[in-house]
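Working notes for the structure below.
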Amino acid sequence: MARNNLFIYFLFFLVATSYSQRDKLNFRKDYRYLNGTDSFYKIHTMHKKWQDAKDVCAMEGATLFYPEDQNESDAVVEYMKATQPFHWVYVGISSLIVKGVFETVDGRSVNDVYAHWGPGEPNDAAGVEDCVILRNDGTLNDVNCDNKNPFVCKKTLDSLEWNTRCDMPYSDYVFEDNLGKCYKFHLGPKTWPEAYAICNAELSYLAVINSQDEADHLKKMTELAPKDHVQGNFLRGAVHLGFHKRGGEWKTIKGTRLEDSGYSKWGNQQPDGGDKETCGSMFYNGHFNDLKCDTNCFFICEHDVGSLGSAFDDRFGDD
Ligand SMILES: [Ca+2]
Ligand SMILES: [Ca+2]
Ligand SMILES: [Ca+2]
């Protein structure tokens with residue numbers, strides 16, 4: 001009897017520990033898993049140009065969706081019809097490399113995936129149609145890439161990597177024990193608004209320093225980041241952080257006055273930019289600096305562990 005109990009407990013243990021995030025079919029709350037596709041989808045309702053749509057999906061760790069086959073086209077079209085008023089979305093197919101050669105965002109021929117064109121399409125109307133939409137009758141049409149359209153991002157279950165320490169789907173965020181937070185040092189130089197949007201797309205925010213310990217940690221992260229290999233024209237010596245000047249006052253992006261945020265050490269002679277430098281950054285030595293918001297430099301995102309509070313955890317129990 002005792003042995004049986006032990007065996008049952010062992011089985012339970014096996015099942016419980018294999019209940020990974022993948023089994024929960026959870027990527028992000030704003031992505032929906034569609035049965036029969038092994039993938040998650042998000043319909044972006046903010047209309048964007050094709051290239052911008054592609055970039056937004058990449059920022060979310062996903063790709064601009066295109067149908068693999070009839071089954072996937074049907075599933076997404078059904079989801080779109082059930083939830084949205086619009087009649088088409090951009091998909092990850094274009095002929096931007098060579099006109100007339102339609103390829104997916106990952107370089108496959110449209111004929112190897114889903115090439116169900118509408119009648120008379122593709123027609124390259126006026127010679128300016130290089131990007132493709134999927135209409136809710138399931139057909140494709142080439143349109144002008146500068147048109148702003150809604151679009152769909154896709155994440156395959158296979159490509160999902162759950163970051164257990166940080167409880168988020170981005171594996172390059174690193175948990176810091178003493179602070180109980182996760183951070184990512186971004187090595188692609190961006191403007192302050194771009195950096196802000198990228199952190200947001202990663203379910204995080206442009207880092208806010210709340211203590212000397214946190215300042216020390218971000219300084220150390222900056223020291224260790226392989227910055228010297230990065231080529232290009234950008235500002236070295238500072239990284240964007242989550243504070244800015246609003247209404248003549250320096251505040252964190254959470255709305256707290258900088259001097260009340262737990263850390264507000266400015267660098268020598270800083271801030272020195274008056275109304276021209278209204279975005280916040282940190283010199284590599286950990287001291288604050290004001291910068292022009294369109295300055296390209298590195299930046300750090302911060303993630304609050306447990307902030308996502310996945311609904312799937314409630315349904316399946318915690319693991
Ligand atoms: Ca067309
Ligand atoms: Ca912080
Ligand atoms: Ca300055």
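Every chain in the structure tokens takes a letter, A first, then B, and so on in the order presented; its residues are numbered from 1, and the ligands are numbered from 1 following the presented order.
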Problem - DSSP strand (DSSP E) residues within region 85-315 of chain A, listed as a ChimeraX atom specification - result: /A:88-94,103-104,131-135,140-143,149-156,174-176,181-190,205-206,238-246,249-252,279-283,288-291,297-304
Go through chain A and flag each residue having an atom no more than 7 Å from ligand 1; for those, report the closest pair of atoms plus their distance in Å to one decimal, using only C-alpha atoms and all ligand atoms, ordered by chain and rising number, as JSON lines.
```
{"residue": "A:Glu121", "atom": "CA", "partner": "ligand 1", "partner_atom_place_in_ligand_line": "1 (Ca)", "distance": 5.4}
{"residue": "A:Pro122", "atom": "CA", "partner": "ligand 1", "partner_atom_place_in_ligand_line": "1 (Ca)", "distance": 5.0}
{"residue": "A:Asn123", "atom": "CA", "partner": "ligand 1", "partner_atom_place_in_ligand_line": "1 (Ca)", "distance": 4.7}
{"residue": "A:Asp124", "atom": "CA", "partner": "ligand 1", "partner_atom_place_in_ligand_line": "1 (Ca)", "distance": 5.3}
{"residue": "A:Ala125", "atom": "CA", "partner": "ligand 1", "partner_atom_place_in_ligand_line": "1 (Ca)", "distance": 5.6}
{"residue": "A:Glu129", "atom": "CA", "partner": "ligand 1", "partner_atom_place_in_ligand_line": "1 (Ca)", "distance": 6.3}
{"residue": "A:Asn141", "atom": "CA", "partner": "ligand 1", "partner_atom_place_in_ligand_line": "1 (Ca)", "distance": 4.9}
{"residue": "A:Asp142", "atom": "CA", "partner": "ligand 1", "partner_atom_place_in_ligand_line": "1 (Ca)", "distance": 4.0}
{"residue": "A:Val143", "atom": "CA", "partner": "ligand 1", "partner_atom_place_in_ligand_line": "1 (Ca)", "distance": 5.1}
```
Selected residues written out with C-alpha atoms, as a PDB file, in the first residue's frame:
```pdb
ATOM      1  CA  GLU A 121      -4.222  39.408 -58.335  1.00  0.00           C
ATOM      2  CA  PRO A 122      -1.377  40.081 -57.959  1.00  0.00           C
ATOM      3  CA  ASN A 123      -1.710  42.967 -60.425  1.00  0.00           C
ATOM      4  CA  ASP A 124       0.899  45.522 -59.215  1.00  0.00           C
ATOM      5  CA  ALA A 125      -1.615  48.305 -59.810  1.00  0.00           C
ATOM      6  CA  GLU A 129       2.073  47.184 -55.110  1.00  0.00           C
ATOM      7  CA  ASN A 141      -3.965  40.817 -52.880  1.00  0.00           C
ATOM      8  CA  ASP A 142      -0.870  42.917 -53.497  1.00  0.00           C
ATOM      9  CA  VAL A 143      -1.140  46.520 -52.309  1.00  0.00           C
TER      10      VAL A 143
END
```
Practice task
For region 149-155 of chain A, work out the shell of residues within 7 Å, counting only C-alpha atoms and skipping chain neighbours fewer than 6 positions away, then give it as a list in words.
Solution key: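 Within the cut-off, the hits are Ser39, Phe40, Tyr41, Lys42, Ile43, His44, Thr45, Met46, His47, Lys48, Lys49, Ala53, Cys57, Ala62, Thr63, Leu64, Phe65, Val89, Tyr90 and Val91 of chain A.
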Using C-alpha atoms, can you export the residues from the last selection as an mmCIF file, in the first residue's frame?
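Output (selection-v9.cif):
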```cif
data_model
loop_
_atom_site.group_PDB
_atom_site.id
_atom_site.type_symbol
_atom_site.label_atom_id
_atom_site.label_comp_id
_atom_site.auth_asym_id
_atom_site.auth_seq_id
_atom_site.Cartn_x
_atom_site.Cartn_y
_atom_site.Cartn_z
ATOM 1 C CA SER A 39 0.663 28.840 -32.818
ATOM 2 C CA PHE A 40 -0.308 32.075 -31.049
ATOM 3 C CA TYR A 41 -1.708 35.101 -32.898
ATOM 4 C CA LYS A 42 -2.276 38.758 -32.149
ATOM 5 C CA ILE A 43 -4.397 40.956 -34.359
ATOM 6 C CA HIS A 44 -2.910 44.451 -34.242
ATOM 7 C CA THR A 45 -5.730 46.957 -34.722
ATOM 8 C CA MET A 46 -3.431 50.000 -35.031
ATOM 9 C CA HIS A 47 -2.981 50.411 -38.772
ATOM 10 C CA LYS A 48 0.642 50.514 -39.907
ATOM 11 C CA LYS A 49 2.749 50.503 -43.063
ATOM 12 C CA ALA A 53 4.060 46.064 -39.027
ATOM 13 C CA CYS A 57 5.985 41.766 -34.654
ATOM 14 C CA ALA A 62 7.055 37.130 -33.102
ATOM 15 C CA THR A 63 6.832 37.376 -36.904
ATOM 16 C CA LEU A 64 4.417 39.035 -39.320
ATOM 17 C CA PHE A 65 1.926 36.249 -39.952
ATOM 18 C CA VAL A 89 -4.786 42.411 -42.671
ATOM 19 C CA TYR A 90 -1.210 42.739 -43.816
ATOM 20 C CA VAL A 91 0.581 39.398 -43.999
#
```
Nearby polymer residues, ligand 2, at most 9 Å, only C-alpha atoms and all ligand atoms, as an mmCIF file with C-alpha atoms, in the first residue's frame:
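See part07.cif below for the written result:
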```cif
data_model
loop_
_atom_site.group_PDB
_atom_site.id
_atom_site.type_symbol
_atom_site.label_atom_id
_atom_site.label_comp_id
_atom_site.auth_asym_id
_atom_site.auth_seq_id
_atom_site.Cartn_x
_atom_site.Cartn_y
_atom_site.Cartn_z
ATOM 1 C CA LEU A 179 16.837 43.332 -6.478
ATOM 2 C CA LYS A 181 14.048 42.212 -10.901
ATOM 3 C CA ALA A 207 14.674 50.985 -16.511
ATOM 4 C CA VAL A 208 14.000 53.236 -13.522
ATOM 5 C CA ILE A 209 16.688 53.381 -10.822
ATOM 6 C CA ASN A 210 15.160 53.207 -7.341
ATOM 7 C CA SER A 211 18.226 52.677 -5.128
ATOM 8 C CA GLU A 214 20.053 49.249 -8.515
ATOM 9 C CA ALA A 215 22.324 51.996 -9.855
ATOM 10 C CA GLU A 302 13.457 46.480 -16.548
ATOM 11 C CA HIS A 303 10.850 43.801 -15.878
ATOM 12 C CA ASP A 304 8.837 43.296 -12.682
#
```
Handout entry: In region 41-280 of chain A, DSSP alpha helix (DSSP H) residues written as number ranges by chain
Key = A: 50-59, 70-83, 192-201, 212-224
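Taking CA of Met59 (chain A) and CA of Ala201 (chain A) as the two end points, the separation is 5.9 Å.
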Practice task
Please provide the set of residues having any atom within 10 Å of Ser281 (chain A), restricted to only C-alpha atoms, with same-chain residues fewer than 4 positions apart removed, written as a PyMOL selection string.
Solution key: chain A and resi 192+207+237-244+266+286-293+297-300
Residues just named, written with C-alpha atoms as a JSON list (two decimals), in the first residue's frame:
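The new file again.json reads:
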```
[["chain", "number", "residue", "atom", "x", "y", "z"],
["A", 192, "TRP", "CA", 14.64, 57.40, -26.42],
["A", 207, "ALA", "CA", 14.67, 50.99, -16.51],
["A", 237, "GLY", "CA", 29.15, 56.84, -22.94],
["A", 238, "ALA", "CA", 25.48, 56.92, -21.93],
["A", 239, "VAL", "CA", 22.43, 54.62, -21.95],
["A", 240, "HIS", "CA", 18.77, 55.66, -22.07],
["A", 241, "LEU", "CA", 16.79, 55.20, -18.86],
["A", 242, "GLY", "CA", 13.15, 55.63, -17.85],
["A", 243, "PHE", "CA", 12.99, 59.29, -16.83],
["A", 244, "HIS", "CA", 12.28, 62.53, -18.64],
["A", 266, "TRP", "CA", 23.45, 63.60, -11.75],
["A", 286, "GLY", "CA", 25.97, 55.37, -13.15],
["A", 287, "HIS", "CA", 25.39, 59.13, -12.95],
["A", 288, "PHE", "CA", 22.44, 60.75, -14.71],
["A", 289, "ASN", "CA", 22.62, 62.86, -17.84],
["A", 290, "ASP", "CA", 20.02, 64.72, -19.87],
["A", 291, "LEU", "CA", 20.03, 63.99, -23.61],
["A", 292, "LYS", "CA", 18.20, 65.05, -26.74],
["A", 293, "CYS", "CA", 15.43, 62.49, -27.19],
["A", 297, "CYS", "CA", 22.34, 55.07, -27.73],
["A", 298, "PHE", "CA", 22.13, 51.80, -25.81],
["A", 299, "PHE", "CA", 19.33, 51.32, -23.29],
["A", 300, "ILE", "CA", 18.23, 49.03, -20.47]]
```
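Counting only C-alpha atoms and comparing A:Ile133, A:Gln70, A:Val56, A:Tyr31, the residue that lies closest to Ile93 (chain A) is A:Ile133.
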Exercise for the section: Just give me the gap between CA of Tyr284 (chain A) and CA of Glu194 (chain A) in Å, one decimal is fine. Expected result: 20.2 Å
List as an mmCIF file with N, CA and C atoms, in the first residue's frame the protein and nucleic acid residues near Gly188 (chain A), meaning an atom at most 10 Å away when only C-alpha atoms are counted, but skip any in the same chain fewer than 4 places from it.
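So the final result, stored in out_32.cif, reads:
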```cif
data_model
loop_
_atom_site.group_PDB
_atom_site.id
_atom_site.type_symbol
_atom_site.label_atom_id
_atom_site.label_comp_id
_atom_site.auth_asym_id
_atom_site.auth_seq_id
_atom_site.Cartn_x
_atom_site.Cartn_y
_atom_site.Cartn_z
ATOM 1 N N ALA A 195 13.393 53.288 -27.821
ATOM 2 C CA ALA A 195 13.767 52.414 -26.706
ATOM 3 C C ALA A 195 12.566 52.180 -25.794
ATOM 4 N N LYS A 227 29.837 46.074 -25.581
ATOM 5 C CA LYS A 227 29.497 47.289 -26.325
ATOM 6 C C LYS A 227 30.487 47.615 -27.433
ATOM 7 N N VAL A 230 29.965 46.983 -31.210
ATOM 8 C CA VAL A 230 28.843 47.589 -31.936
ATOM 9 C C VAL A 230 29.346 48.733 -32.813
ATOM 10 N N GLN A 231 29.061 48.594 -34.114
ATOM 11 C CA GLN A 231 29.485 49.595 -35.090
ATOM 12 C C GLN A 231 28.389 50.645 -35.252
ATOM 13 N N GLY A 232 28.736 51.707 -35.936
ATOM 14 C CA GLY A 232 27.710 52.654 -36.326
ATOM 15 C C GLY A 232 27.827 53.995 -35.637
ATOM 16 N N PHE A 234 26.440 56.410 -33.250
ATOM 17 C CA PHE A 234 25.556 56.626 -32.107
ATOM 18 C C PHE A 234 26.381 57.162 -30.946
ATOM 19 N N ASN A 296 20.684 58.509 -30.521
ATOM 20 C CA ASN A 296 20.746 57.045 -30.532
ATOM 21 C C ASN A 296 21.783 56.562 -29.532
ATOM 22 N N CYS A 297 21.374 55.718 -28.610
ATOM 23 C CA CYS A 297 22.345 55.066 -27.731
ATOM 24 C C CYS A 297 21.763 53.765 -27.170
ATOM 25 N N PHE A 298 22.591 53.047 -26.424
ATOM 26 C CA PHE A 298 22.132 51.801 -25.810
ATOM 27 C C PHE A 298 21.044 52.117 -24.791
ATOM 28 N N PHE A 299 20.357 51.089 -24.318
ATOM 29 C CA PHE A 299 19.333 51.318 -23.293
ATOM 30 C C PHE A 299 19.093 50.024 -22.516
#
```
Exercise for the section: Quote the spacing between CA of Lys99 (chain A) and CA of Lys54 (chain A) in Å to one decimal place. Expected result: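 We find that CA of Lys99 (chain A) and CA of Lys54 (chain A) lie 18.8 Å from each other.
Distance check against Val110 (chain A) using only C-alpha atoms: of A:Leu25, A:Val132, A:Cys182, A:Met221, the minimum falls on A:Val132.
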Problem - Polymer residues at most 8 Å from Pro67 (chain A), only C-alpha atoms, same-chain spacing of 5 or more positions, as a ChimeraX atom specification - result: /A:72-73,113-114
Problem - Long-range neighbours of region 306-310 of chain A as a VMD selection string, 9 Å cut-off, only C-alpha atoms, 6 positions minimum in chain - result: chain A and resid 26 28 to 29 166 to 168 203
Store the residues picked out above in a file with C-alpha atoms, as a PDB file, in the first residue's frame.
```
ATOM      1  CA  ASN A  26       0.619  30.662 -22.946  1.00  0.00           C
ATOM      2  CA  ARG A  28       1.410  36.554 -23.816  1.00  0.00           C
ATOM      3  CA  LYS A  29      -2.035  37.658 -22.716  1.00  0.00           C
ATOM      4  CA  CYS A 166      11.702  36.227 -14.915  1.00  0.00           C
ATOM      5  CA  ASP A 167       8.320  34.577 -15.636  1.00  0.00           C
ATOM      6  CA  MET A 168       8.163  35.964 -19.154  1.00  0.00           C
ATOM      7  CA  LEU A 203       6.265  43.516 -21.487  1.00  0.00           C
TER       8      LEU A 203
END
```
